[in-house]
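What follows is upload_17.json (JSON, C-alpha atoms).
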```json
[["chain", "number", "residue", "atom", "x", "y", "z"],
["A", 720, "MET", "CA", 0.00, 0.00, 0.00],
["A", 721, "ARG", "CA", 1.27, 3.45, -0.86],
["A", 722, "GLY", "CA", 2.52, 5.24, 2.22],
["A", 723, "ASP", "CA", 2.87, 2.00, 4.18],
["A", 724, "ALA", "CA", 6.50, 2.46, 5.16],
["A", 725, "ARG", "CA", 6.01, 6.03, 6.36],
["A", 726, "ALA", "CA", 2.76, 5.27, 8.17],
["A", 727, "LEU", "CA", 4.25, 2.15, 9.74],
["A", 728, "GLU", "CA", 7.30, 4.02, 10.99],
["A", 729, "ARG", "CA", 5.21, 6.79, 12.52],
["A", 730, "ALA", "CA", 2.60, 4.45, 13.99],
["A", 731, "THR", "CA", 5.25, 2.17, 15.48],
["A", 732, "GLY", "CA", 6.61, 5.15, 17.37],
["A", 733, "VAL", "CA", 3.12, 6.04, 18.64],
["A", 734, "LEU", "CA", 2.43, 2.48, 19.83],
["A", 735, "ALA", "CA", 5.80, 2.22, 21.57],
["A", 736, "ALA", "CA", 4.75, 4.93, 24.04],
["A", 737, "LEU", "CA", 1.37, 3.34, 24.84],
["A", 738, "PRO", "CA", 0.25, 0.35, 26.92],
["A", 739, "PRO", "CA", -0.21, -2.94, 25.00],
["A", 740, "VAL", "CA", -3.26, -3.27, 22.75],
["A", 741, "GLU", "CA", -5.09, -6.19, 21.14],
["A", 742, "HIS", "CA", -5.54, -4.72, 17.66],
["A", 743, "ALA", "CA", -4.31, -1.54, 16.00],
["A", 744, "ILE", "CA", -4.70, 0.04, 12.58],
["A", 745, "ALA", "CA", -3.44, 3.23, 10.97],
["A", 746, "TYR", "CA", -5.92, 4.85, 8.61],
["A", 747, "GLY", "CA", -6.83, 8.17, 7.02],
["A", 748, "SER", "CA", -4.80, 10.64, 4.98],
["A", 749, "ALA", "CA", -1.41, 9.42, 6.21],
["A", 750, "VAL", "CA", -2.21, 5.96, 4.82],
["A", 751, "LEU", "CA", -4.54, 6.64, 1.89],
["A", 752, "ALA", "CA", -3.37, 8.23, -1.32],
["A", 753, "ASP", "CA", -5.78, 11.14, -1.00],
["A", 754, "ALA", "CA", -4.52, 12.78, -4.19],
["A", 755, "VAL", "CA", -4.48, 16.18, -2.53],
["A", 756, "ALA", "CA", -2.03, 18.77, -3.78],
["A", 757, "ALA", "CA", 1.40, 18.04, -2.35],
["A", 758, "SER", "CA", 1.94, 19.53, 1.07],
["A", 759, "SER", "CA", 5.19, 20.43, 2.76],
["A", 760, "SER", "CA", 3.98, 18.82, 5.99],
["A", 761, "ALA", "CA", 3.04, 15.20, 6.60],
["A", 762, "PRO", "CA", -0.69, 14.61, 7.09],
["A", 763, "ALA", "CA", -1.85, 13.81, 10.60],
["A", 764, "LEU", "CA", -1.71, 10.12, 11.45],
["A", 765, "ASP", "CA", -4.93, 8.43, 12.59],
["A", 766, "VAL", "CA", -4.59, 5.30, 14.72],
["A", 767, "LEU", "CA", -7.39, 3.12, 16.09],
["A", 768, "LEU", "CA", -6.61, 0.82, 19.01],
["A", 769, "THR", "CA", -8.79, -1.94, 20.44],
["A", 770, "VAL", "CA", -8.20, -3.21, 23.97],
["A", 771, "ARG", "CA", -9.75, -5.87, 26.17],
["A", 772, "ASP", "CA", -10.58, -3.52, 29.07],
["A", 773, "PRO", "CA", -10.77, 0.20, 28.15],
["A", 774, "VAL", "CA", -10.98, 1.39, 31.78],
["A", 775, "ALA", "CA", -7.87, -0.52, 32.84],
["A", 776, "TRP", "CA", -6.06, 0.62, 29.69],
["A", 777, "HIS", "CA", -6.89, 4.29, 30.30],
["A", 778, "GLU", "CA", -5.78, 3.99, 33.93],
["A", 779, "THR", "CA", -2.37, 2.78, 32.80],
["A", 780, "ASN", "CA", -2.11, 5.30, 29.98],
["A", 781, "MET", "CA", -3.14, 8.24, 32.15],
["A", 782, "ARG", "CA", -0.22, 7.46, 34.43],
["A", 783, "ALA", "CA", 2.21, 7.04, 31.52],
["A", 784, "ASN", "CA", 0.92, 9.81, 29.22],
["A", 785, "PRO", "CA", -1.25, 12.25, 31.20],
["A", 786, "SER", "CA", -0.63, 15.04, 28.67],
["A", 787, "HIS", "CA", -2.45, 13.03, 25.99],
["A", 788, "TYR", "CA", -5.76, 13.62, 27.79],
["A", 789, "ALA", "CA", -7.78, 16.82, 27.98],
["A", 790, "PRO", "CA", -7.90, 18.31, 31.51],
["A", 791, "GLN", "CA", -11.56, 17.36, 31.98],
["A", 792, "MET", "CA", -10.79, 13.75, 31.09],
["A", 793, "ARG", "CA", -7.95, 13.63, 33.61],
["A", 794, "LEU", "CA", -10.39, 15.06, 36.15],
["A", 795, "VAL", "CA", -13.02, 12.34, 35.64],
["A", 796, "GLY", "CA", -10.38, 9.62, 35.39],
["A", 797, "ALA", "CA", -10.28, 6.43, 33.37],
["A", 798, "ARG", "CA", -13.75, 5.24, 34.31],
["A", 799, "GLY", "CA", -15.31, 8.60, 33.50],
["A", 800, "THR", "CA", -13.43, 8.84, 30.21],
["A", 801, "ASP", "CA", -14.75, 5.46, 29.13],
["A", 802, "ALA", "CA", -18.28, 6.31, 30.28],
["A", 803, "VAL", "CA", -18.30, 9.56, 28.29],
["A", 804, "SER", "CA", -17.09, 7.79, 25.14],
["A", 805, "ARG", "CA", -19.98, 5.34, 25.36],
["A", 806, "ALA", "CA", -22.61, 7.89, 26.37],
["A", 807, "VAL", "CA", -22.00, 10.58, 23.75],
["A", 808, "GLY", "CA", -20.15, 8.77, 20.98],
["A", 809, "VAL", "CA", -19.52, 5.40, 19.41],
["A", 810, "GLY", "CA", -17.61, 3.94, 22.34],
["A", 811, "ALA", "CA", -14.19, 5.20, 21.26],
["A", 812, "HIS", "CA", -12.23, 7.83, 23.16],
["A", 813, "TYR", "CA", -9.86, 9.86, 20.99],
["A", 814, "ASN", "CA", -6.75, 11.64, 22.23],
["A", 815, "ALA", "CA", -6.21, 14.24, 19.52],
["A", 816, "ALA", "CA", -3.99, 17.17, 18.53],
["A", 817, "LEU", "CA", -0.85, 15.29, 19.60],
["A", 818, "ALA", "CA", 2.61, 15.50, 18.05],
["A", 819, "ASP", "CA", 5.47, 13.01, 17.90],
["A", 820, "ASN", "CA", 9.10, 13.87, 18.60],
["A", 821, "ARG", "CA", 9.48, 15.20, 15.06],
["A", 822, "GLY", "CA", 6.47, 17.47, 15.36],
["A", 823, "ARG", "CA", 4.20, 15.36, 13.14],
["A", 824, "GLY", "CA", 0.56, 15.38, 14.20],
["A", 825, "TYR", "CA", -1.38, 12.31, 15.22],
["A", 826, "LYS", "CA", -4.40, 11.16, 17.16],
["A", 827, "TYR", "CA", -5.45, 7.79, 18.46],
["A", 828, "GLY", "CA", -8.79, 6.30, 19.39],
["A", 829, "VAL", "CA", -9.27, 3.60, 22.00],
["A", 830, "VAL", "CA", -12.23, 1.22, 22.06],
["A", 831, "GLY", "CA", -13.03, -2.13, 23.59],
["A", 832, "THR", "CA", -12.32, -4.98, 21.19],
["A", 833, "SER", "CA", -15.80, -6.41, 21.73],
["A", 834, "ALA", "CA", -17.41, -3.08, 20.78],
["A", 835, "ALA", "CA", -15.29, -2.80, 17.63],
["A", 836, "VAL", "CA", -16.15, -6.38, 16.65],
["A", 837, "GLU", "CA", -19.84, -5.59, 17.14],
["A", 838, "ASP", "CA", -19.62, -2.61, 14.80],
["A", 839, "LEU", "CA", -17.78, -4.61, 12.15],
["A", 840, "THR", "CA", -20.32, -7.43, 12.26],
["A", 841, "THR", "CA", -23.57, -5.46, 12.66],
["A", 842, "TRP", "CA", -22.73, -1.92, 11.43],
["A", 843, "LYS", "CA", -24.18, -0.62, 14.68],
["A", 844, "TYR", "CA", -22.49, 2.74, 14.11],
["A", 845, "LEU", "CA", -20.68, 2.13, 10.80],
["A", 846, "PHE", "CA", -17.76, 3.94, 12.45],
["A", 847, "PHE", "CA", -15.01, 1.35, 12.81],
["A", 848, "ALA", "CA", -16.59, -0.65, 9.99],
["A", 849, "GLY", "CA", -16.57, 2.37, 7.68],
["A", 850, "ARG", "CA", -12.94, 3.18, 8.36],
["A", 851, "MET", "CA", -12.02, -0.42, 7.67],
["A", 852, "HIS", "CA", -13.90, -0.48, 4.34],
["A", 853, "LYS", "CA", -11.00, 1.56, 2.98],
["A", 854, "PRO", "CA", -7.31, 0.62, 2.78],
["A", 855, "HIS", "CA", -5.54, 0.77, 6.13],
["A", 856, "VAL", "CA", -2.41, -0.60, 7.76],
["A", 857, "THR", "CA", -2.78, -3.30, 10.41],
["A", 858, "LEU", "CA", -0.15, -2.73, 13.07],
["A", 859, "VAL", "CA", -1.22, -5.26, 15.71],
["A", 860, "ALA", "CA", -3.65, -8.06, 14.90],
["A", 861, "SER", "CA", -6.20, -9.99, 16.94],
["A", 862, "GLU", "CA", -8.00, -13.04, 15.61],
["A", 863, "ALA", "CA", -11.38, -11.64, 16.66],
["A", 864, "MET", "CA", -10.89, -8.43, 14.71],
["A", 865, "LEU", "CA", -9.50, -10.19, 11.64],
["A", 866, "ALA", "CA", -12.49, -12.53, 11.55],
["A", 867, "ALA", "CA", -14.90, -9.63, 12.01],
["A", 868, "GLN", "CA", -13.18, -7.68, 9.24],
["A", 869, "LYS", "CA", -13.82, -10.54, 6.81],
["A", 870, "GLU", "CA", -17.53, -10.18, 7.53],
["A", 871, "ASN", "CA", -17.27, -6.40, 7.18],
["A", 872, "VAL", "CA", -15.66, -6.71, 3.74],
["A", 873, "ALA", "CA", -18.38, -9.11, 2.56],
["A", 874, "PHE", "CA", -21.10, -6.77, 3.86],
["A", 875, "ALA", "CA", -19.50, -3.85, 2.03],
["A", 876, "CYS", "CA", -19.39, -5.85, -1.21],
["A", 877, "ARG", "CA", -23.09, -6.68, -0.96],
["A", 878, "ALA", "CA", -24.08, -3.11, -0.16],
["A", 879, "ALA", "CA", -21.96, -1.69, -2.98],
["A", 880, "LEU", "CA", -23.37, -4.19, -5.49],
["A", 881, "LEU", "CA", -26.93, -3.32, -4.47],
["A", 882, "LEU", "CA", -26.16, 0.35, -5.10],
["A", 883, "LEU", "CA", -24.65, -0.28, -8.54],
["A", 884, "PRO", "CA", -26.33, -1.04, -11.89],
["A", 885, "GLU", "CA", -25.92, -4.25, -13.87],
["A", 886, "THR", "CA", -22.76, -3.00, -15.59],
["A", 887, "PHE", "CA", -20.12, -0.81, -13.98],
["A", 888, "SER", "CA", -16.38, -0.25, -13.81],
["A", 889, "GLU", "CA", -13.92, -1.18, -11.09],
["A", 890, "LEU", "CA", -13.58, 2.50, -10.18],
["A", 891, "GLU", "CA", -17.35, 2.80, -9.81],
["A", 892, "PHE", "CA", -17.30, -0.22, -7.49],
["A", 893, "ILE", "CA", -14.57, 1.42, -5.39],
["A", 894, "ARG", "CA", -16.48, 4.72, -5.30],
["A", 895, "ALA", "CA", -19.52, 2.85, -4.00],
["A", 896, "LEU", "CA", -17.41, 1.23, -1.26],
["A", 897, "VAL", "CA", -15.88, 4.54, -0.18],
["A", 898, "ARG", "CA", -19.24, 6.30, -0.25],
["A", 899, "LEU", "CA", -20.78, 3.83, 2.22],
["A", 900, "SER", "CA", -19.18, 5.56, 5.20],
["A", 901, "TYR", "CA", -19.60, 9.11, 3.85],
["A", 902, "ASP", "CA", -23.19, 9.20, 2.59],
["A", 903, "GLY", "CA", -25.20, 11.08, 5.17],
["A", 904, "ASP", "CA", -22.09, 12.30, 7.01],
["A", 905, "ILE", "CA", -23.09, 15.64, 8.53],
["A", 906, "ARG", "CA", -19.63, 17.04, 7.75],
["A", 907, "PHE", "CA", -20.42, 16.77, 4.04],
["A", 908, "LEU", "CA", -23.89, 18.25, 4.48],
["A", 909, "PHE", "CA", -22.39, 21.40, 5.98],
["A", 910, "ALA", "CA", -19.32, 21.46, 3.71],
["A", 911, "ALA", "CA", -16.97, 20.80, 6.62],
["A", 912, "GLU", "CA", -15.57, 17.90, 4.62],
["A", 913, "ASP", "CA", -14.34, 18.27, 1.04],
["A", 914, "ALA", "CA", -17.03, 16.85, -1.24],
["A", 915, "ARG", "CA", -14.29, 15.70, -3.66],
["A", 916, "LYS", "CA", -12.74, 13.49, -0.99],
["A", 917, "ILE", "CA", -14.66, 10.39, -2.09],
["A", 918, "GLU", "CA", -13.35, 10.69, -5.64],
["A", 919, "ARG", "CA", -9.79, 11.36, -4.47],
["A", 920, "ILE", "CA", -9.77, 8.33, -2.18],
["A", 921, "ALA", "CA", -11.36, 6.07, -4.79],
["A", 922, "SER", "CA", -9.16, 7.06, -7.73],
["A", 923, "GLY", "CA", -6.00, 7.29, -5.64],
["A", 924, "ASN", "CA", -6.25, 3.84, -4.05],
["A", 925, "VAL", "CA", -7.41, 1.48, -6.78],
["A", 926, "GLU", "CA", -4.68, -1.13, -6.32],
["A", 927, "GLU", "CA", -4.92, -1.05, -2.53],
["A", 928, "THR", "CA", -8.70, -1.42, -2.55],
["A", 929, "ARG", "CA", -8.52, -4.19, -5.14],
["A", 930, "SER", "CA", -6.20, -6.19, -2.89],
["A", 931, "MET", "CA", -8.68, -5.84, -0.02],
["A", 932, "TYR", "CA", -11.71, -7.06, -1.96],
["A", 933, "GLU", "CA", -10.51, -9.33, -4.76],
["A", 934, "GLU", "CA", -10.58, -12.56, -2.72],
["A", 935, "THR", "CA", -14.10, -11.93, -1.42],
["A", 936, "LEU", "CA", -15.33, -11.10, -4.92],
["A", 937, "ARG", "CA", -13.64, -14.17, -6.35],
["A", 938, "VAL", "CA", -14.90, -16.60, -3.69],
["A", 939, "ALA", "CA", -18.20, -15.30, -2.30],
["A", 940, "PHE", "CA", -19.51, -13.60, -5.45],
["A", 941, "ARG", "CA", -17.98, -15.72, -8.20],
["A", 942, "ASP", "CA", -21.39, -16.79, -9.51],
["A", 943, "THR", "CA", -22.96, -13.33, -9.52],
["A", 944, "VAL", "CA", -20.20, -10.88, -10.47],
["A", 945, "CYS", "CA", -18.04, -11.02, -13.59],
["A", 946, "VAL", "CA", -14.87, -9.04, -12.94],
["A", 947, "SER", "CA", -13.04, -7.74, -15.99],
["A", 948, "GLN", "CA", -9.38, -8.69, -16.09],
["A", 949, "THR", "CA", -8.66, -5.64, -18.24],
["A", 950, "PRO", "CA", -7.91, -2.39, -16.39],
["A", 951, "GLY", "CA", -10.80, -0.03, -16.99],
["A", 952, "GLY", "CA", -12.92, -2.87, -18.36],
["A", 953, "THR", "CA", -16.61, -3.38, -17.72],
["A", 954, "TRP", "CA", -17.79, -5.47, -14.78],
["A", 955, "THR", "CA", -21.21, -7.11, -14.84],
["A", 956, "GLN", "CA", -23.41, -8.49, -12.11],
["A", 957, "ASP", "CA", -26.50, -10.66, -11.92],
["A", 958, "LYS", "CA", -29.46, -8.48, -10.92],
["A", 959, "SER", "CA", -32.04, -11.26, -10.89],
["A", 960, "VAL", "CA", -34.67, -11.34, -8.16],
["A", 961, "ASP", "CA", -33.03, -14.23, -6.30],
["A", 962, "VAL", "CA", -29.62, -12.56, -6.29],
["A", 963, "LEU", "CA", -30.99, -9.19, -5.17],
["A", 964, "ARG", "CA", -32.90, -10.90, -2.39],
["A", 965, "SER", "CA", -29.76, -12.82, -1.36],
["A", 966, "HIS", "CA", -27.69, -9.62, -1.25],
["A", 967, "VAL", "CA", -30.29, -7.91, 0.93],
["A", 968, "ALA", "CA", -30.57, -10.89, 3.29],
["A", 969, "GLY", "CA", -26.79, -10.90, 3.66],
["A", 970, "LEU", "CA", -26.53, -7.29, 4.86],
["A", 971, "PRO", "CA", -25.50, -6.58, 8.48],
["A", 972, "ALA", "CA", -28.16, -6.68, 11.18],
["A", 973, "ASN", "CA", -28.39, -2.94, 11.79],
["A", 974, "VAL", "CA", -29.02, -2.28, 8.10],
["A", 975, "LEU", "CA", -31.65, -5.01, 7.89],
["A", 976, "ALA", "CA", -33.38, -3.70, 11.02],
["A", 977, "GLY", "CA", -34.11, -0.40, 9.32],
["A", 978, "LEU", "CA", -35.18, -1.69, 5.93],
["A", 979, "SER", "CA", -38.79, -1.75, 4.85],
["A", 980, "SER", "CA", -39.39, -5.48, 4.43],
["A", 981, "SER", "CA", -42.39, -4.83, 2.21],
["A", 982, "ARG", "CA", -40.10, -3.14, -0.32],
["A", 983, "VAL", "CA", -37.24, -5.63, -0.41],
["A", 984, "ASP", "CA", -38.96, -9.01, -0.45],
["A", 985, "GLY", "CA", -39.02, -11.15, -3.57],
["A", 986, "SER", "CA", -42.55, -10.28, -4.66],
["A", 987, "SER", "CA", -41.97, -6.53, -4.57],
["A", 988, "ILE", "CA", -38.70, -6.88, -6.49],
["A", 989, "GLU", "CA", -40.38, -9.06, -9.12],
["A", 990, "LYS", "CA", -43.23, -6.58, -9.45],
["A", 991, "ALA", "CA", -40.75, -3.76, -9.87],
["A", 992, "ARG", "CA", -38.78, -5.76, -12.44],
["A", 993, "ARG", "CA", -41.85, -5.97, -14.64],
["A", 994, "SER", "CA", -41.93, -2.18, -14.61],
["A", 995, "ASN", "CA", -38.14, -1.94, -15.19],
["A", 996, "ASP", "CA", -37.61, -0.61, -11.67],
["A", 997, "ALA", "CA", -36.29, -3.68, -9.84],
["A", 998, "VAL", "CA", -32.85, -2.26, -9.13],
["A", 999, "ASP", "CA", -34.29, 0.83, -7.45],
["A", 1000, "VAL", "CA", -36.30, -1.09, -4.85],
["A", 1001, "PRO", "CA", -33.46, -2.46, -2.67],
["A", 1002, "ARG", "CA", -30.99, 0.23, -3.77],
["A", 1003, "ASP", "CA", -33.00, 3.16, -2.50],
["A", 1004, "ASP", "CA", -33.91, 1.49, 0.80],
["A", 1005, "VAL", "CA", -30.33, 0.38, 1.45],
["A", 1006, "ARG", "CA", -28.90, 3.82, 0.66],
["A", 1007, "ARG", "CA", -31.47, 5.49, 2.91],
["A", 1008, "ARG", "CA", -30.79, 3.11, 5.78],
["A", 1009, "ILE", "CA", -27.00, 3.50, 5.57],
["A", 1010, "ARG", "CA", -27.34, 7.28, 5.54],
["A", 1011, "ASN", "CA", -29.42, 7.05, 8.70],
["A", 1012, "ILE", "CA", -26.71, 5.02, 10.46],
["A", 1013, "VAL", "CA", -23.89, 7.36, 9.44]]
```

What is this file in structure tokens?
Amino acid sequence: MRGDARALERATGVLAALPPVEHAIAYGSAVLADAVAASSSAPALDVLLTVRDPVAWHETNMRANPSHYAPQMRLVGARGTDAVSRAVGVGAHYNAALADNRGRGYKYGVVGTSAAVEDLTTWKYLFFAGRMHKPHVTLVASEAMLAAQKENVAFACRAALLLLPETFSELEFIRALVRLSYDGDIRFLFAAEDARKIERIASGNVEETRSMYEETLRVAFRDTVCVSQTPGGTWTQDKSVDVLRSHVAGLPANVLAGLSSSRVDGSSIEKARRSNDAVDVPRDDVRRRIRNIV
């Protein structure tokens, strides 16, 4: 992956100063080829850490690195920090606006491994899952997270295929994957996030994204997706009623919970197909539900 060596070197230094973790990834602009105009300064490094016991981890880290925490977090202590992260967020506490010994910015988020696994396998928040839809660097690996990530990748494939027409390009597939965690993001609605970011990430990370998804496409979707072996070639997918219904049924639990079953069952898809609208039935409901989660 482009930027691996630099991101790995920086992230290794970050991890060396922290208590042990179960799983760690580096993600974001320092890892992705975000195709932004060249900058004289390195982009901030984003690191996500999963730990068995967040309270115990924060207790140890507050003693070792008290300056990483905002004053109010030091005041409420490890237990309060963890409680706030679960009460007002997605269960992850971020220590942000930090700098390494070379002045390069970074931040790191800490979450319980069980909570991260739940998000990967249900899309409860589509927070950790969304970040791991895109290329990232795994720094420390746990079996539970690796297994959950396999499910997350398969879910993302199904969702992207439901949102795409019968024929599409590899780049359009990658755009659909990237868009999953940005559609409905309030930062885009209020222009706090660059609307061109999706295109930059998609077009700048084709090889990296391909390596993440090619095995799942080849094994799990070999009978329903025809992948062109020619760069820029046309991909095709089976949009029959049975396949659409299978894709919908294979979505994560939190997406399924918000779908209108009357619009995505086989009879409604077949009825829509007769009016040349079959693709829109699951596509529109899935897109709407994912936006509501994000």

Using only C-alpha atoms, which protein or nucleic acid residues come within 8 Å of Asp957 in chain A? Drop anything in the same chain fewer than 5 positions from it, and give the result as a ChimeraX atom specification. /A:885,943-944,962

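You will find CA of Asn814 in chain A at 27.0 Å from CA of Ala866 in chain A.
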
message: Which residues are close to Arg798 in chain A, i.e. within 10 Å by only C-alpha atoms, leaving aside same-chain residues fewer than 4 positions away? Reply as a count of residues only.
response: 8

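Among the candidates A:Ser930, A:Asn924, A:Ser888, A:Asn973, the one nearest to Gln956 in chain A when counting only C-alpha atoms is A:Ser888.
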
From CA of Val859 in chain A to CA of Lys826 in chain A the spacing works out at 16.8 Å

Given the point (-14.7, 1.0, -3.5) in the coordinates of this file, which residues lie within 9 Å, counting only C-alpha atoms, and how would they look as a tab-separated table (two decimals) with C-alpha atoms, in the coordinates of the input?
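That gives us point.tsv:
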```tsv
chain	number	residue	atom	x	y	z
A	852	HIS	CA	-13.90	-0.48	4.34
A	853	LYS	CA	-11.00	1.56	2.98
A	875	ALA	CA	-19.50	-3.85	2.03
A	876	CYS	CA	-19.39	-5.85	-1.21
A	879	ALA	CA	-21.96	-1.69	-2.98
A	889	GLU	CA	-13.92	-1.18	-11.09
A	890	LEU	CA	-13.58	2.50	-10.18
A	891	GLU	CA	-17.35	2.80	-9.81
A	892	PHE	CA	-17.30	-0.22	-7.49
A	893	ILE	CA	-14.57	1.42	-5.39
A	894	ARG	CA	-16.48	4.72	-5.30
A	895	ALA	CA	-19.52	2.85	-4.00
A	896	LEU	CA	-17.41	1.23	-1.26
A	897	VAL	CA	-15.88	4.54	-0.18
A	898	ARG	CA	-19.24	6.30	-0.25
A	899	LEU	CA	-20.78	3.83	2.22
A	920	ILE	CA	-9.77	8.33	-2.18
A	921	ALA	CA	-11.36	6.07	-4.79
A	924	ASN	CA	-6.25	3.84	-4.05
A	925	VAL	CA	-7.41	1.48	-6.78
A	928	THR	CA	-8.70	-1.42	-2.55
A	929	ARG	CA	-8.52	-4.19	-5.14
A	932	TYR	CA	-11.71	-7.06	-1.96
```

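Proximity to Glu862 in chain A was assessed for A:Met781, A:Glu741, A:Leu883, A:Pro950 counting all atoms listed in the file; the smallest distance is recorded for A:Glu741.
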
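For the pair CA of Ser900 in chain A and CA of Ser833 in chain A, the separation is 20.7 Å.
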
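Proximity of A:Val946, A:Ala724, A:Ala968, A:Val856 to Ile744 in chain A, computed with only C-alpha atoms, is greatest for A:Val856.
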
ask   = Taking (-21.0, -2.8, 7.0) in the file's coordinates, which residues come within 10 Å, counting only C-alpha atoms, written as a PyMOL selection string?
value = chain A and resi 838-849+851-852+868+870-878+896+899-900+970-974+1009

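Shortest separation to Trp776 in chain A among A:Arg850, A:His812, A:Arg805, A:Lys958 occurs at residue A:His812, atoms counted being only C-alpha atoms.
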